[in-house]
Amino acid sequence: MSSYFELSAEQQAIRELARDFGRDRLAPFALDWDREHVFPTDTLREAAALGMAAIFVREASGGAGLTRFDGVLIFEALAMGCPTIAAYLSIHNMCAGLIDAFGTERQIDAWLPRLATMEVLSSYCLTESGSGSDAAALRTHAKRSGDHYVLNGAKQFISGAGAGGADHLYVVMARTGDPGPQGISAFVVEGGAQGLSFGALERKMGWNAQPTRAVIFDDCRVPAENLIGREGDGFKIAMAALDGGRLNIAACSLGGAQSAFDHSLRYMASRKAFGRALDEFQALQFRLADMATQLEVSRTFLWRATAALDAKAPGATTLCAMAKRVVTDAGFTVANEALQLHGGYGYLSEYGVEKIVRDLRVHQILEGTNEIMRVIIARSLLK
């Protein structure tokens, strides 16, 4: 990427590949998947065949070995087809990248090839019913018993939970020590583990094309060799994964909002009122101008934060929090404005805009609420 944000030929090709996939394999089916609550695993595996399930995994581990910057290009482009599916791919990539970065050679060899093809699905399990924003207060407990750990507790709002049956991996943060972040460890729990079960499917405002359930551990036995890193490393591992996850979900918001904006441009050119096309009214032109500006500002800052994370810059975590807050807020605002510009038609599901509004609303909550992003930013300023 040049100093004035011109994409290289390779980056343009990566973005076009993802955009074509989103246009051809996601967008035509997104409304049906949303209405019928279909989780399109076959389509996800098609994306995996193009390298989109192990984007940040090293080539030596069977991944694409791409940068975080490449990743945000991919997720924005995919989300133009369907934010829900793009967001699940973001979560799956977060899990795969975490195992590649912190796992043992045995863990990498055992799990990453099948994660890369999405033969095995994955879910990230940090949030609990009593510790959402205060993640360090989690209560799920893991106790060593011989060559196993025994897990008890439950995780809440887990995307993809239960979908893969035994062919599913859960990256789980559980307490092995004292209260606070130093007492948390990270485990991989396999889908067929004894003592693993799931809550009922959650009924949600959006994200209907991916299942969300509680993940429950009732004397769940996990081999000790499934510990990622060392005991007490779990919170550090979880937070390292979230920097990238926040950029990815911001990119999904950007892609969804761009799609809603594009819908508006087409609609306003074709719809007439008082004998004129809507896009001939200056007041509406100004609203389009503001939306386009919000999208471009969001994209520029997202690229800035992503470049900082790729460079391992000292302030990268703060920039990731800033980007997540700014871009997800702007994405929802632009999508909501697009619905308004469609008038009553925007409220109808067949036009596709109301789905985008519903899908993007949760992006302001997950991967750390936007209020928590402000806490992270403020602490970095005042420390």
# chains A, B, ... in the order shown; residues from 1 in each chain; ligands from 1
>>> select_by_dssp(residues="segment 117-238 of chain A", states="alpha helix (DSSP H)", output="PDB file with N, CA and C atoms, in the first residue's frame")
ATOM      1  N   THR A 117     -10.032 -25.901   5.652  1.00  0.00           N
ATOM      2  CA  THR A 117     -11.034 -26.321   4.660  1.00  0.00           C
ATOM      3  C   THR A 117     -12.454 -26.164   5.173  1.00  0.00           C
ATOM      4  N   GLY A 234      -4.413 -17.427  29.222  1.00  0.00           N
ATOM      5  CA  GLY A 234      -5.649 -17.364  28.453  1.00  0.00           C
ATOM      6  C   GLY A 234      -6.163 -15.966  28.175  1.00  0.00           C
ATOM      7  N   PHE A 235      -6.098 -15.085  29.169  1.00  0.00           N
ATOM      8  CA  PHE A 235      -6.631 -13.743  28.956  1.00  0.00           C
ATOM      9  C   PHE A 235      -5.777 -12.984  27.953  1.00  0.00           C
ATOM     10  N   LYS A 236      -4.477 -13.143  28.047  1.00  0.00           N
ATOM     11  CA  LYS A 236      -3.571 -12.495  27.092  1.00  0.00           C
ATOM     12  C   LYS A 236      -3.855 -13.007  25.675  1.00  0.00           C
ATOM     13  N   ILE A 237      -4.068 -14.314  25.544  1.00  0.00           N
ATOM     14  CA  ILE A 237      -4.377 -14.901  24.242  1.00  0.00           C
ATOM     15  C   ILE A 237      -5.701 -14.379  23.717  1.00  0.00           C
ATOM     16  N   ALA A 238      -6.702 -14.317  24.601  1.00  0.00           N
ATOM     17  CA  ALA A 238      -8.023 -13.832  24.192  1.00  0.00           C
ATOM     18  C   ALA A 238      -7.957 -12.400  23.697  1.00  0.00           C
TER      19      ALA A 238
END
>>> select_by_dssp(residues="segment 185-346 of chain A", states="strand (DSSP E)", output="PyMOL selection string")
chain A and resi 185-190+196-198+212-223+227-228+272-273+276-277
>>> closest_residue(among="A:Phe39, A:Phe69, A:Tyr88, A:Trp111", to="Glu10 of chain A", atoms="only C-alpha atoms")
A:Phe69
>>> closest_residue(among="A:Ala135, A:Ala101, A:Leu196, A:Ala142", to="Thr176 of chain A", atoms="only C-alpha atoms")
A:Ala142
>>> closest_residue(among="A:Asp42, A:Glu36, A:Glu128, A:Asp243", to="Ala305 of chain A", atoms="only C-alpha atoms")
A:Asp243
>>> residues_around(residues="Gly180 of chain A", least_positions_apart="6", cutoff="9 Å", atoms="only C-alpha atoms", output="mmCIF file with N, CA and C atoms, in the first residue's frame")
data_model
loop_
_atom_site.group_PDB
_atom_site.id
_atom_site.type_symbol
_atom_site.label_atom_id
_atom_site.label_comp_id
_atom_site.auth_asym_id
_atom_site.auth_seq_id
_atom_site.Cartn_x
_atom_site.Cartn_y
_atom_site.Cartn_z
ATOM 1 N N ALA A 136 -12.709 -10.448 32.292
ATOM 2 C CA ALA A 136 -11.785 -11.035 33.261
ATOM 3 C C ALA A 136 -12.491 -11.621 34.467
ATOM 4 N N ALA A 137 -13.787 -11.344 34.610
ATOM 5 C CA ALA A 137 -14.562 -11.886 35.739
ATOM 6 C C ALA A 137 -15.229 -13.216 35.388
ATOM 7 N N LEU A 138 -14.848 -13.840 34.289
ATOM 8 C CA LEU A 138 -15.512 -15.086 33.880
ATOM 9 C C LEU A 138 -15.424 -16.144 34.979
#
>>> residues_around(residues="Ile356 of chain A", least_positions_apart="3", cutoff="12 Å", atoms="only C-alpha atoms", output="PyMOL selection string")
chain A and resi 27+30-31+34+79-85+205-208+252-261+263+331-339+346-353+359-363
>>> write_last_selection(atoms="N, CA and C atoms", output="compact mmCIF listing (two decimals), in the first residue's frame")
# COMPACT_ATOMS: atom_id res chain seq x y z
N ALA A 27 -24.82 -12.91 -1.91
CA ALA A 27 -25.91 -11.95 -2.08
C ALA A 27 -27.20 -12.56 -2.63
N ALA A 30 -28.86 -14.41 0.44
CA ALA A 30 -28.80 -13.85 1.79
C ALA A 30 -30.17 -13.64 2.41
N LEU A 31 -31.14 -13.15 1.65
CA LEU A 31 -32.47 -12.92 2.21
C LEU A 31 -33.15 -14.23 2.58
N ASP A 34 -31.56 -15.60 5.75
CA ASP A 34 -32.01 -14.82 6.90
C ASP A 34 -33.44 -15.21 7.30
N ALA A 79 -18.84 -8.91 3.06
CA ALA A 79 -20.01 -8.35 3.75
C ALA A 79 -20.91 -7.58 2.80
N MET A 80 -20.40 -7.16 1.67
CA MET A 80 -21.27 -6.54 0.68
C MET A 80 -22.27 -7.56 0.14
N GLY A 81 -21.93 -8.85 0.23
CA GLY A 81 -22.86 -9.91 -0.14
C GLY A 81 -23.75 -10.33 1.01
N CYS A 82 -23.17 -10.48 2.21
CA CYS A 82 -23.95 -10.83 3.41
C CYS A 82 -23.10 -10.58 4.65
N PRO A 83 -23.43 -9.57 5.46
CA PRO A 83 -22.64 -9.31 6.67
C PRO A 83 -22.63 -10.48 7.65
N THR A 84 -23.71 -11.23 7.72
CA THR A 84 -23.80 -12.33 8.68
C THR A 84 -22.77 -13.41 8.39
N ILE A 85 -22.68 -13.82 7.13
CA ILE A 85 -21.75 -14.87 6.77
C ILE A 85 -20.31 -14.36 6.85
N MET A 205 -32.45 -10.32 16.65
CA MET A 205 -32.84 -9.24 15.76
C MET A 205 -32.25 -9.45 14.36
N GLY A 206 -31.00 -9.86 14.30
CA GLY A 206 -30.30 -10.07 13.04
C GLY A 206 -29.37 -11.26 13.15
N TRP A 207 -28.45 -11.35 12.19
CA TRP A 207 -27.50 -12.47 12.16
C TRP A 207 -28.25 -13.81 12.18
N ASN A 208 -29.36 -13.89 11.47
CA ASN A 208 -30.18 -15.10 11.51
C ASN A 208 -29.60 -16.25 10.70
N CYS A 252 -16.64 -5.75 8.28
CA CYS A 252 -17.96 -6.29 7.94
C CYS A 252 -19.02 -5.20 8.00
N SER A 253 -18.93 -4.30 8.97
CA SER A 253 -19.86 -3.16 9.03
C SER A 253 -19.70 -2.27 7.81
N LEU A 254 -18.46 -2.03 7.43
CA LEU A 254 -18.19 -1.17 6.29
C LEU A 254 -18.77 -1.78 5.00
N GLY A 255 -18.57 -3.08 4.81
CA GLY A 255 -19.10 -3.73 3.62
C GLY A 255 -20.62 -3.72 3.57
N GLY A 256 -21.25 -4.00 4.72
CA GLY A 256 -22.71 -3.97 4.77
C GLY A 256 -23.25 -2.58 4.48
N ALA A 257 -22.60 -1.56 5.06
CA ALA A 257 -23.05 -0.19 4.85
C ALA A 257 -22.83 0.24 3.40
N GLN A 258 -21.72 -0.19 2.81
CA GLN A 258 -21.47 0.14 1.40
C GLN A 258 -22.56 -0.46 0.52
N SER A 259 -22.96 -1.69 0.83
CA SER A 259 -24.03 -2.33 0.06
C SER A 259 -25.33 -1.56 0.21
N ALA A 260 -25.67 -1.14 1.42
CA ALA A 260 -26.90 -0.36 1.64
C ALA A 260 -26.84 0.97 0.88
N PHE A 261 -25.68 1.59 0.88
CA PHE A 261 -25.50 2.85 0.15
C PHE A 261 -25.69 2.63 -1.35
N HIS A 263 -27.44 0.29 -2.77
CA HIS A 263 -28.89 0.12 -2.96
C HIS A 263 -29.58 1.48 -3.09
N GLY A 331 -21.12 2.58 10.19
CA GLY A 331 -21.77 1.59 9.34
C GLY A 331 -23.25 1.48 9.63
N PHE A 332 -23.60 1.43 10.91
CA PHE A 332 -25.01 1.36 11.26
C PHE A 332 -25.74 2.64 10.86
N THR A 333 -25.11 3.78 11.07
CA THR A 333 -25.74 5.06 10.72
C THR A 333 -26.03 5.14 9.22
N VAL A 334 -25.06 4.75 8.41
CA VAL A 334 -25.23 4.80 6.96
C VAL A 334 -26.33 3.83 6.52
N ALA A 335 -26.33 2.62 7.07
CA ALA A 335 -27.36 1.64 6.70
C ALA A 335 -28.75 2.12 7.10
N ASN A 336 -28.85 2.70 8.29
CA ASN A 336 -30.13 3.21 8.76
C ASN A 336 -30.60 4.38 7.90
N GLU A 337 -29.67 5.22 7.48
CA GLU A 337 -30.00 6.34 6.59
C GLU A 337 -30.46 5.80 5.22
N ALA A 338 -29.82 4.73 4.76
CA ALA A 338 -30.23 4.12 3.49
C ALA A 338 -31.67 3.63 3.57
N LEU A 339 -32.03 3.04 4.70
CA LEU A 339 -33.42 2.59 4.88
C LEU A 339 -34.36 3.78 4.80
N GLY A 346 -37.99 0.68 2.16
CA GLY A 346 -36.85 0.28 2.96
C GLY A 346 -37.21 -0.64 4.10
N TYR A 347 -38.46 -0.55 4.53
CA TYR A 347 -38.94 -1.36 5.65
C TYR A 347 -39.36 -2.75 5.20
N LEU A 348 -39.44 -2.97 3.89
CA LEU A 348 -39.83 -4.27 3.35
C LEU A 348 -38.61 -5.15 3.16
N SER A 349 -38.74 -6.41 3.53
CA SER A 349 -37.58 -7.30 3.49
C SER A 349 -37.05 -7.52 2.09
N GLU A 350 -37.92 -7.48 1.07
CA GLU A 350 -37.48 -7.82 -0.28
C GLU A 350 -36.46 -6.84 -0.83
N TYR A 351 -36.37 -5.64 -0.28
CA TYR A 351 -35.40 -4.66 -0.77
C TYR A 351 -34.01 -4.87 -0.16
N GLY A 352 -33.92 -5.66 0.89
CA GLY A 352 -32.63 -6.04 1.44
C GLY A 352 -31.99 -5.08 2.41
N VAL A 353 -32.48 -3.84 2.48
CA VAL A 353 -31.82 -2.85 3.32
C VAL A 353 -32.12 -3.08 4.80
N ASP A 359 -28.56 -6.64 10.79
CA ASP A 359 -27.29 -7.34 10.94
C ASP A 359 -26.21 -6.45 11.54
N LEU A 360 -26.15 -5.19 11.12
CA LEU A 360 -25.07 -4.31 11.56
C LEU A 360 -25.26 -3.80 12.98
N ARG A 361 -26.47 -3.87 13.49
CA ARG A 361 -26.69 -3.33 14.84
C ARG A 361 -25.84 -4.04 15.88
N VAL A 362 -25.69 -5.35 15.75
CA VAL A 362 -24.97 -6.11 16.77
C VAL A 362 -23.46 -5.85 16.71
N HIS A 363 -22.97 -5.31 15.60
CA HIS A 363 -21.54 -5.05 15.49
C HIS A 363 -21.09 -3.97 16.48
>>> atom_distance(atom1="atom CA of Arg58 of chain A", atom2="atom CA of Gly97 of chain A")
8.5 Å
>>> closest_residue(among="A:Ala289, A:Ser123, A:Arg299, A:Arg271", to="Arg213 of chain A", atoms="only C-alpha atoms")
A:Ser123
>>> residues_around(residues="Leu227 of chain A", least_positions_apart="2", cutoff="8 Å", atoms="only C-alpha atoms", output="PyMOL selection string")
chain A and resi 185-188+223-225+229-231
>>> atom_distance(atom1="atom CA of Met239 of chain A", atom2="atom CA of Ser131 of chain A")
14.8 Å
>>> closest_residue(among="A:Ser61, A:Thr43, A:Thr369, A:Ser133", to="Ile99 of chain A", atoms="only C-alpha atoms")
A:Ser61
>>> atom_distance(atom1="atom CA of Ala64 of chain A", atom2="atom CA of Ala47 of chain A")
12.4 Å
>>> residues_around(residues="Pro179 of chain A", least_positions_apart="2", cutoff="9 Å", atoms="only C-alpha atoms", output="PyMOL selection string")
chain A and resi 136-139+175+177+181-184
